[in-house]
Amino acid sequence: MRWIAAFAGLLTGLVIAVVALLLNPVPHRGLLQPLSGDDVLTLRYQQVNSRGFDPSLPAFLGRPPYPEDRMPLPDPALRHLRTTMLVLTGREDGRLGLAVRTSALARDNSLLQGRLATEEHWLLGWPGEPGMVATASSNHWFMLRDELWSRLHGSGVVLYPRYLLSSLGSGRTLPEIAAAGSPFAGGTLREWVEPGQGRASHWVIQLQPPAPPPPAP
Amino acid sequence: MLARTMARYYIGGFIGGLLLAALAALLWPLPEHHRFRSLIDVLPNGGRAETFVIRWPQDRLELPGDFLVGDRVARAAALGLMVLEDERDGRVSAELFRLRDSAGNVIGVAARMAIAPPAGARSTTDWLLVIPSRGSLALRQLDSRDLAARRISRGGASWASPALDDSRVWAGRSRMTASAGPVAGMRGSVLHGNGEFRGMTGRHTETWTVDERLPDGFARGRILIETEMQRSSE
């Protein structure tokens with residue numbers, strides 16, 4: 001009887017600890033809010049041409065599923081890497097651009113801190129314009145947490161219409177754009193995903209040039 | 001008495017459950033990137049030299065899926081190549097490769113984006129070298145010719161990266177320097193570094209070498225990206 005009580009206590013403790021972990025407020029502090037202003041360039045894309053690991057909970061926990069249609073990257077150094085070619089569409093003018101996005105599991109992930117992140121490396125180009133390179137960090141914690149909840153609940157319903165991904169990187173670094181010859185050089189980037197209810201999700205990135213220096217007195 | 005004993009056992013189990021979950025979260029072996037020993041030479045000026053290698057066509061990364069974004073976007077899946085044209089015949093093409101160190105180990109992926117102005121002018125190329133265990137390195141160069149992908153109609157292909165897949169451009173030679181500036185000596189420059197490469201400045205040379213010409217007009221060979229870098233504070 002005493003051991004049944006101890007076992008019931010153990011189970012209760014485990015459940016409460018897991019719930020506390022999932023509701024952990026710490027990851028909120030590292031999330032970066034969307035950009036605003038007239039100079040923000042907003043671009044949308046669908047992530048369809050990807051190869052490599054799938055940013056799922058098992059993949060972040062070291063058990064990546066590699067179904068054949070994902071076309072894994074079997075080289076040891078590439079096992080936790082995903083690369084995508086995509087077409088960007090300007091939200092305002094519909095202008096098309098090309099991008100390569102490479103995501104690598106972040107080296108400072110932590111379950112206790114609610115950080116299941118990827119380091120994002122972007123290469124962006126438009127015909128007739130200087131290209132851009134951007135680096136950022138994306139924390140998938142909230143999206144994976146709600147996916148898990150949705151599966152446990154059996155509803156398959158996405159809880160939020162938008163999940164912010166951009167977060168502070170290792171060493172609390174901010175997203176940055178390198179783009180010699182472009183007004184966006186030295187600027188910043190944000191990204192979020194709009195999960196589709198029963199259809200394809202859409203990703204959105206925002207690019208913003210650096211703030212102009214204050215006028216001389 | 002029995003109730004108090006049961007409560008003690010329950011609370012002990014409860015605390016044990018909390019600790020067990022916390023320890024599991026703390027000690028769970030999260031995946032790490034496999035890292036090969038970095039093959040870096042130290043230069044007399046204190047900088048570092050490192051050479052990256054791409055073998056084509058076997059290092060091209062094919063991608064699944066299709067794009068349906070109008071007729072200005074083309075994709076050659078088997079080549080890991082994508083091209084976007086604008087109304088004035090400006091092109092931007094993206095290619096993906098495995099990236100090797102000078103010993104031939106696959107250490108990361110390399111993305112090449114060439115942007116060509118309309119008709120005849122030379123293209124500009126941005127390279128993004130991502131080495132998951134180390135970070136990323138972005139390079140920019142003015143090309144020695146138009147190196148963005150272009151339309152062809154040969155061997156069942158409709159698009160090709162000209163010097164990589166079209167041996168006609170190799171007539172009479174087996175080696176070509178693809179970079180032509182902006183640094184003197186036909187060298188490109190380091191645009192950005194992240195992770196271990198953060199704060200690096202320097203220059204690079206991109207060289208293409210043909211190892212074998214194939215009867216269908218394509219070729220096999222290597223791309224060498226030779227970098228010389230130093231930290232900006234050095």
# chains A, B, ... in the order shown; residues from 1 in each chain; ligands from 1
call {"tool": "residues_around", "arguments": {"residues": "region 80-96 of chain B", "least_positions_apart": "5", "cutoff": "10 Å", "atoms": "only C-alpha atoms", "output": "NGL selection string"}}
result
(:A and (83-87 or 95-100 or 123-129 or 131)) or (:B and (57 or 59-64 or 67 or 71-75 or 109-119 or 123-128 or 147-151 or 159-161))
call {"tool": "closest_atom_pairs", "arguments": {"of": "chain A", "to": "chain B", "cutoff": "7 Å", "atoms": "only C-alpha atoms", "output": "JSON lines"}}
result
{"residue": "A:Arg2", "atom": "CA", "partner": "B:Met6", "partner_atom": "CA", "distance": 5.5}
{"residue": "A:Ala5", "atom": "CA", "partner": "B:Tyr10", "partner_atom": "CA", "distance": 4.8}
{"residue": "A:Ala6", "atom": "CA", "partner": "B:Gly13", "partner_atom": "CA", "distance": 4.4}
{"residue": "A:Phe7", "atom": "CA", "partner": "B:Gly13", "partner_atom": "CA", "distance": 6.1}
{"residue": "A:Ala8", "atom": "CA", "partner": "B:Tyr10", "partner_atom": "CA", "distance": 6.6}
{"residue": "A:Gly9", "atom": "CA", "partner": "B:Phe14", "partner_atom": "CA", "distance": 4.0}
{"residue": "A:Leu10", "atom": "CA", "partner": "B:Gly13", "partner_atom": "CA", "distance": 4.2}
{"residue": "A:Leu11", "atom": "CA", "partner": "B:Gly17", "partner_atom": "CA", "distance": 6.3}
{"residue": "A:Thr12", "atom": "CA", "partner": "B:Phe14", "partner_atom": "CA", "distance": 6.0}
{"residue": "A:Gly13", "atom": "CA", "partner": "B:Gly17", "partner_atom": "CA", "distance": 4.2}
{"residue": "A:Leu14", "atom": "CA", "partner": "B:Gly17", "partner_atom": "CA", "distance": 4.5}
{"residue": "A:Ala17", "atom": "CA", "partner": "B:Leu18", "partner_atom": "CA", "distance": 5.3}
{"residue": "A:Val18", "atom": "CA", "partner": "B:Ala21", "partner_atom": "CA", "distance": 6.8}
{"residue": "A:Val48", "atom": "CA", "partner": "B:Gly65", "partner_atom": "CA", "distance": 6.1}
{"residue": "A:Asn49", "atom": "CA", "partner": "B:Gly65", "partner_atom": "CA", "distance": 5.2}
{"residue": "A:Ser50", "atom": "CA", "partner": "B:Leu63", "partner_atom": "CA", "distance": 6.4}
{"residue": "A:Arg51", "atom": "CA", "partner": "B:Leu63", "partner_atom": "CA", "distance": 6.0}
{"residue": "A:Phe60", "atom": "CA", "partner": "B:Leu30", "partner_atom": "CA", "distance": 7.0}
{"residue": "A:Leu61", "atom": "CA", "partner": "B:Leu30", "partner_atom": "CA", "distance": 5.4}
{"residue": "A:Gly62", "atom": "CA", "partner": "B:Pro31", "partner_atom": "CA", "distance": 4.9}
{"residue": "A:Asp75", "atom": "CA", "partner": "B:Val106", "partner_atom": "CA", "distance": 6.8}
{"residue": "A:Pro76", "atom": "CA", "partner": "B:His34", "partner_atom": "CA", "distance": 6.0}
{"residue": "A:Ala77", "atom": "CA", "partner": "B:His34", "partner_atom": "CA", "distance": 4.7}
{"residue": "A:Leu78", "atom": "CA", "partner": "B:Gly108", "partner_atom": "CA", "distance": 6.2}
{"residue": "A:His80", "atom": "CA", "partner": "B:His33", "partner_atom": "CA", "distance": 6.7}
{"residue": "A:Leu98", "atom": "CA", "partner": "B:Leu84", "partner_atom": "CA", "distance": 6.9}
{"residue": "A:Val100", "atom": "CA", "partner": "B:Ala111", "partner_atom": "CA", "distance": 7.0}
{"residue": "A:Ala104", "atom": "CA", "partner": "B:Pro132", "partner_atom": "CA", "distance": 5.8}
{"residue": "A:Arg107", "atom": "CA", "partner": "B:Glu32", "partner_atom": "CA", "distance": 6.9}
{"residue": "A:Leu111", "atom": "CA", "partner": "B:Ala25", "partner_atom": "CA", "distance": 5.4}
{"residue": "A:Leu112", "atom": "CA", "partner": "B:Ala25", "partner_atom": "CA", "distance": 5.8}
{"residue": "A:Leu123", "atom": "CA", "partner": "B:Leu128", "partner_atom": "CA", "distance": 6.8}
{"residue": "A:Gly125", "atom": "CA", "partner": "B:Val92", "partner_atom": "CA", "distance": 6.6}
{"residue": "A:Trp126", "atom": "CA", "partner": "B:Val92", "partner_atom": "CA", "distance": 6.4}
{"residue": "A:Pro127", "atom": "CA", "partner": "B:Arg91", "partner_atom": "CA", "distance": 5.1}
{"residue": "A:Gly128", "atom": "CA", "partner": "B:Pro117", "partner_atom": "CA", "distance": 5.4}
{"residue": "A:Gly131", "atom": "CA", "partner": "B:Asp126", "partner_atom": "CA", "distance": 6.9}
{"residue": "A:Ala178", "atom": "CA", "partner": "B:His192", "partner_atom": "CA", "distance": 6.2}
call {"tool": "atom_distance", "arguments": {"atom1": "CA of Asn45 (chain B)", "atom2": "CA of Thr205 (chain B)"}}
result
18.4 Å
call {"tool": "residues_around", "arguments": {"residues": "Pro195 (chain A)", "least_positions_apart": "5", "cutoff": "10 Å", "atoms": "only C-alpha atoms", "output": "mmCIF file with N, CA, C and O atoms, in the first residue's frame"}}
result
data_model
loop_
_atom_site.group_PDB
_atom_site.id
_atom_site.type_symbol
_atom_site.label_atom_id
_atom_site.label_comp_id
_atom_site.auth_asym_id
_atom_site.auth_seq_id
_atom_site.Cartn_x
_atom_site.Cartn_y
_atom_site.Cartn_z
ATOM 1 N N MET A 143 6.028 26.041 -31.076
ATOM 2 C CA MET A 143 5.322 25.324 -32.124
ATOM 3 C C MET A 143 5.340 23.817 -31.844
ATOM 4 O O MET A 143 4.326 23.138 -31.974
ATOM 5 N N VAL A 157 -5.835 20.360 -34.138
ATOM 6 C CA VAL A 157 -6.111 21.776 -34.361
ATOM 7 C C VAL A 157 -4.898 22.600 -33.946
ATOM 8 O O VAL A 157 -4.296 22.381 -32.901
ATOM 9 N N VAL A 158 -4.493 23.520 -34.811
ATOM 10 C CA VAL A 158 -3.407 24.423 -34.479
ATOM 11 C C VAL A 158 -3.933 25.479 -33.506
ATOM 12 O O VAL A 158 -5.011 26.038 -33.715
ATOM 13 N N LEU A 159 -3.177 25.710 -32.434
ATOM 14 C CA LEU A 159 -3.707 26.574 -31.384
ATOM 15 C C LEU A 159 -3.622 28.058 -31.727
ATOM 16 O O LEU A 159 -4.484 28.832 -31.356
ATOM 17 N N TYR A 160 -2.559 28.439 -32.418
ATOM 18 C CA TYR A 160 -2.369 29.861 -32.708
ATOM 19 C C TYR A 160 -2.215 30.069 -34.211
ATOM 20 O O TYR A 160 -1.667 29.216 -34.901
ATOM 21 N N PRO A 161 -2.667 31.199 -34.734
ATOM 22 C CA PRO A 161 -2.540 31.433 -36.178
ATOM 23 C C PRO A 161 -1.123 31.794 -36.587
ATOM 24 O O PRO A 161 -0.790 31.773 -37.764
ATOM 25 N N ARG A 162 -0.273 32.132 -35.614
ATOM 26 C CA ARG A 162 1.083 32.564 -35.958
ATOM 27 C C ARG A 162 2.042 32.164 -34.845
ATOM 28 O O ARG A 162 1.737 32.357 -33.671
ATOM 29 N N TYR A 163 3.169 31.594 -35.218
ATOM 30 C CA TYR A 163 4.204 31.252 -34.248
ATOM 31 C C TYR A 163 5.476 32.016 -34.586
ATOM 32 O O TYR A 163 6.051 31.834 -35.673
ATOM 33 N N ALA A 200 -1.118 23.567 -46.478
ATOM 34 C CA ALA A 200 0.298 23.877 -46.285
ATOM 35 C C ALA A 200 0.474 25.126 -45.420
ATOM 36 O O ALA A 200 -0.311 26.066 -45.503
ATOM 37 N N SER A 201 1.506 25.096 -44.587
ATOM 38 C CA SER A 201 1.825 26.269 -43.773
ATOM 39 C C SER A 201 2.533 27.306 -44.628
ATOM 40 O O SER A 201 3.136 26.989 -45.649
ATOM 41 N N HIS A 202 2.452 28.549 -44.196
ATOM 42 C CA HIS A 202 3.182 29.633 -44.843
ATOM 43 C C HIS A 202 4.208 30.197 -43.879
ATOM 44 O O HIS A 202 3.922 30.348 -42.694
ATOM 45 N N TRP A 203 5.378 30.491 -44.413
ATOM 46 C CA TRP A 203 6.403 31.151 -43.616
ATOM 47 C C TRP A 203 6.497 32.605 -44.067
ATOM 48 O O TRP A 203 6.270 32.912 -45.238
#
call {"tool": "atom_distance", "arguments": {"atom1": "CA of Met176 (chain B)", "atom2": "CA of Trp208 (chain B)"}}
result
5.2 Å
call {"tool": "select_by_dssp", "arguments": {"residues": "region 95-137 of chain A", "states": "strand (DSSP E or B)", "output": "list in words"}}
result
Leu96, Gly97, Leu98, Ala99, Val100, Arg101, Thr102, Ser103, Ala104, Leu105, Ser110, Arg115, Ala117, Thr118, Glu119, Glu120, His121, Trp122, Leu123, Leu124, Gly125, Met132, Val133, Ala134, Thr135, Ala136 and Ser137 of chain A
call {"tool": "write_last_selection", "arguments": {"atoms": "C-alpha atoms", "output": "CSV table (one decimal), in the first residue's frame"}}
result
chain,number,residue,atom,x,y,z
A,96,LEU,CA,9.7,37.2,-56.7
A,97,GLY,CA,13.1,36.5,-55.2
A,98,LEU,CA,15.2,33.4,-54.8
A,99,ALA,CA,16.6,32.1,-51.5
A,100,VAL,CA,18.5,29.2,-50.0
A,101,ARG,CA,17.9,28.6,-46.3
A,102,THR,CA,20.1,26.3,-44.4
A,103,SER,CA,19.1,25.3,-40.8
A,104,ALA,CA,21.4,23.6,-38.4
A,105,LEU,CA,20.5,22.4,-34.9
A,110,SER,CA,18.3,23.1,-23.6
A,115,ARG,CA,15.2,26.2,-26.3
A,117,ALA,CA,16.5,26.1,-31.8
A,118,THR,CA,18.1,26.0,-35.2
A,119,GLU,CA,20.7,28.4,-36.5
A,120,GLU,CA,19.5,29.8,-39.8
A,121,HIS,CA,21.7,30.8,-42.6
A,122,TRP,CA,20.1,32.7,-45.5
A,123,LEU,CA,21.2,33.5,-49.0
A,124,LEU,CA,18.8,35.8,-50.8
A,125,GLY,CA,18.8,37.2,-54.3
A,132,MET,CA,22.1,39.3,-49.2
A,133,VAL,CA,23.3,37.0,-46.5
A,134,ALA,CA,21.5,36.7,-43.2
A,135,THR,CA,22.0,34.8,-40.0
A,136,ALA,CA,19.4,34.2,-37.3
A,137,SER,CA,18.3,31.8,-34.7
call {"tool": "residues_around", "arguments": {"residues": "Gly47 (chain B)", "least_positions_apart": "3", "cutoff": "10 Å", "atoms": "only C-alpha atoms", "output": "ChimeraX atom specification"}}
result
/B:40-44,200-202,228-231,234
call {"tool": "write_last_selection", "arguments": {"atoms": "N, CA, C and O atoms", "output": "PDB file, in the first residue's frame"}}
result
ATOM      1  N   ILE B  40      43.534  23.707 -41.209  1.00  0.00           N
ATOM      2  CA  ILE B  40      43.840  25.129 -41.347  1.00  0.00           C
ATOM      3  C   ILE B  40      45.353  25.311 -41.310  1.00  0.00           C
ATOM      4  O   ILE B  40      46.040  24.719 -40.474  1.00  0.00           O
ATOM      5  N   ASP B  41      45.874  26.126 -42.225  1.00  0.00           N
ATOM      6  CA  ASP B  41      47.291  26.494 -42.198  1.00  0.00           C
ATOM      7  C   ASP B  41      47.410  27.900 -41.627  1.00  0.00           C
ATOM      8  O   ASP B  41      46.612  28.785 -41.958  1.00  0.00           O
ATOM      9  N   VAL B  42      48.421  28.092 -40.782  1.00  0.00           N
ATOM     10  CA  VAL B  42      48.658  29.425 -40.237  1.00  0.00           C
ATOM     11  C   VAL B  42      49.593  30.172 -41.176  1.00  0.00           C
ATOM     12  O   VAL B  42      50.632  29.642 -41.584  1.00  0.00           O
ATOM     13  N   LEU B  43      49.211  31.382 -41.534  1.00  0.00           N
ATOM     14  CA  LEU B  43      49.985  32.178 -42.485  1.00  0.00           C
ATOM     15  C   LEU B  43      51.055  32.993 -41.757  1.00  0.00           C
ATOM     16  O   LEU B  43      50.928  33.246 -40.543  1.00  0.00           O
ATOM     17  N   PRO B  44      52.101  33.404 -42.466  1.00  0.00           N
ATOM     18  CA  PRO B  44      53.158  34.198 -41.814  1.00  0.00           C
ATOM     19  C   PRO B  44      52.638  35.473 -41.145  1.00  0.00           C
ATOM     20  O   PRO B  44      53.202  35.932 -40.158  1.00  0.00           O
ATOM     21  N   MET B 200      35.636  37.479 -38.957  1.00  0.00           N
ATOM     22  CA  MET B 200      36.709  37.197 -39.919  1.00  0.00           C
ATOM     23  C   MET B 200      36.611  38.132 -41.119  1.00  0.00           C
ATOM     24  O   MET B 200      35.515  38.403 -41.623  1.00  0.00           O
ATOM     25  N   THR B 201      37.742  38.595 -41.575  1.00  0.00           N
ATOM     26  CA  THR B 201      37.806  39.314 -42.846  1.00  0.00           C
ATOM     27  C   THR B 201      38.853  38.602 -43.711  1.00  0.00           C
ATOM     28  O   THR B 201      39.666  37.839 -43.185  1.00  0.00           O
ATOM     29  N   GLY B 202      38.822  38.872 -44.976  1.00  0.00           N
ATOM     30  CA  GLY B 202      39.834  38.239 -45.812  1.00  0.00           C
ATOM     31  C   GLY B 202      39.406  38.148 -47.250  1.00  0.00           C
ATOM     32  O   GLY B 202      38.524  38.891 -47.702  1.00  0.00           O
ATOM     33  N   GLU B 228      41.812  32.989 -47.356  1.00  0.00           N
ATOM     34  CA  GLU B 228      42.844  33.527 -46.456  1.00  0.00           C
ATOM     35  C   GLU B 228      42.134  34.538 -45.574  1.00  0.00           C
ATOM     36  O   GLU B 228      41.594  35.535 -46.076  1.00  0.00           O
ATOM     37  N   MET B 229      42.125  34.281 -44.278  1.00  0.00           N
ATOM     38  CA  MET B 229      41.323  35.137 -43.388  1.00  0.00           C
ATOM     39  C   MET B 229      42.101  35.501 -42.133  1.00  0.00           C
ATOM     40  O   MET B 229      43.054  34.815 -41.750  1.00  0.00           O
ATOM     41  N   GLN B 230      41.630  36.538 -41.502  1.00  0.00           N
ATOM     42  CA  GLN B 230      42.116  36.872 -40.165  1.00  0.00           C
ATOM     43  C   GLN B 230      41.008  37.592 -39.423  1.00  0.00           C
ATOM     44  O   GLN B 230      40.085  38.129 -40.042  1.00  0.00           O
ATOM     45  N   ARG B 231      41.116  37.589 -38.118  1.00  0.00           N
ATOM     46  CA  ARG B 231      40.096  38.300 -37.339  1.00  0.00           C
ATOM     47  C   ARG B 231      40.266  39.794 -37.563  1.00  0.00           C
ATOM     48  O   ARG B 231      41.378  40.287 -37.665  1.00  0.00           O
ATOM     49  N   GLU B 234      42.783  41.585 -35.552  1.00  0.00           N
ATOM     50  CA  GLU B 234      44.201  41.221 -35.593  1.00  0.00           C
ATOM     51  C   GLU B 234      44.987  42.234 -36.405  1.00  0.00           C
ATOM     52  O   GLU B 234      44.488  42.847 -37.312  1.00  0.00           O
TER      53      GLU B 234
END
call {"tool": "select_by_dssp", "arguments": {"residues": "region 13-95 of chain B", "states": "helix (DSSP H, G or I)", "output": "list in words"}}
result
Gly13, Phe14, Ile15, Gly16, Gly17, Leu18, Leu19, Leu20, Ala21, Ala22, Leu23, Ala24, Ala25, Leu26, Leu27, Ala77, Ala78 and Leu79 of chain B
call {"tool": "residues_around", "arguments": {"residues": "Val53 (chain B)", "least_positions_apart": "4", "cutoff": "9 Å", "atoms": "only C-alpha atoms", "output": "list in words"}}
result
Arg98, Leu99, Arg100, Asp101, Ser102, Ala103, Gly104, Arg222, Ile223, Leu224, Ile225 and Glu226 of chain B
call {"tool": "write_last_selection", "arguments": {"atoms": "N, CA and C atoms", "output": "compact mmCIF listing (two decimals), in the first residue's frame"}}
result
# COMPACT_ATOMS: atom_id res chain seq x y z
N ARG B 98 27.32 19.66 -51.58
CA ARG B 98 28.04 19.24 -50.37
C ARG B 98 29.37 19.99 -50.36
N LEU B 99 29.86 20.27 -49.17
CA LEU B 99 31.13 20.98 -49.03
C LEU B 99 32.13 20.05 -48.36
N ARG B 100 33.32 19.96 -48.92
CA ARG B 100 34.36 19.08 -48.37
C ARG B 100 35.56 19.90 -47.89
N ASP B 101 36.30 19.31 -46.95
CA ASP B 101 37.58 19.92 -46.59
C ASP B 101 38.64 19.44 -47.58
N SER B 102 39.87 19.87 -47.38
CA SER B 102 40.91 19.53 -48.37
C SER B 102 41.25 18.05 -48.35
N ALA B 103 40.83 17.33 -47.29
CA ALA B 103 41.06 15.88 -47.25
C ALA B 103 39.91 15.10 -47.89
N GLY B 104 38.87 15.79 -48.32
CA GLY B 104 37.75 15.13 -48.99
C GLY B 104 36.59 14.76 -48.07
N ARG B 222 36.18 19.71 -60.20
CA ARG B 222 36.20 20.20 -58.81
C ARG B 222 36.14 21.73 -58.78
N ILE B 223 35.52 22.22 -57.74
CA ILE B 223 35.59 23.65 -57.43
C ILE B 223 36.46 23.77 -56.19
N LEU B 224 37.46 24.61 -56.27
CA LEU B 224 38.31 24.87 -55.10
C LEU B 224 38.03 26.28 -54.61
N ILE B 225 37.72 26.41 -53.34
CA ILE B 225 37.56 27.73 -52.74
C ILE B 225 38.67 27.89 -51.71
N GLU B 226 39.65 28.70 -52.07
CA GLU B 226 40.82 28.87 -51.19
C GLU B 226 40.68 30.20 -50.45
call {"tool": "atom_distance", "arguments": {"atom1": "CA of Thr227 (chain B)", "atom2": "CA of His204 (chain B)"}}
result
4.3 Å
call {"tool": "closest_residue", "arguments": {"among": "A:Leu144, A:Val26, A:Leu73, A:Ile205", "to": "Arg91 (chain A)", "atoms": "only C-alpha atoms"}}
result
A:Ile205
call {"tool": "closest_residue", "arguments": {"among": "A:His28, A:Pro130, A:Thr42, A:Leu88", "to": "Gly181 (chain A)", "atoms": "only C-alpha atoms"}}
result
A:Pro130
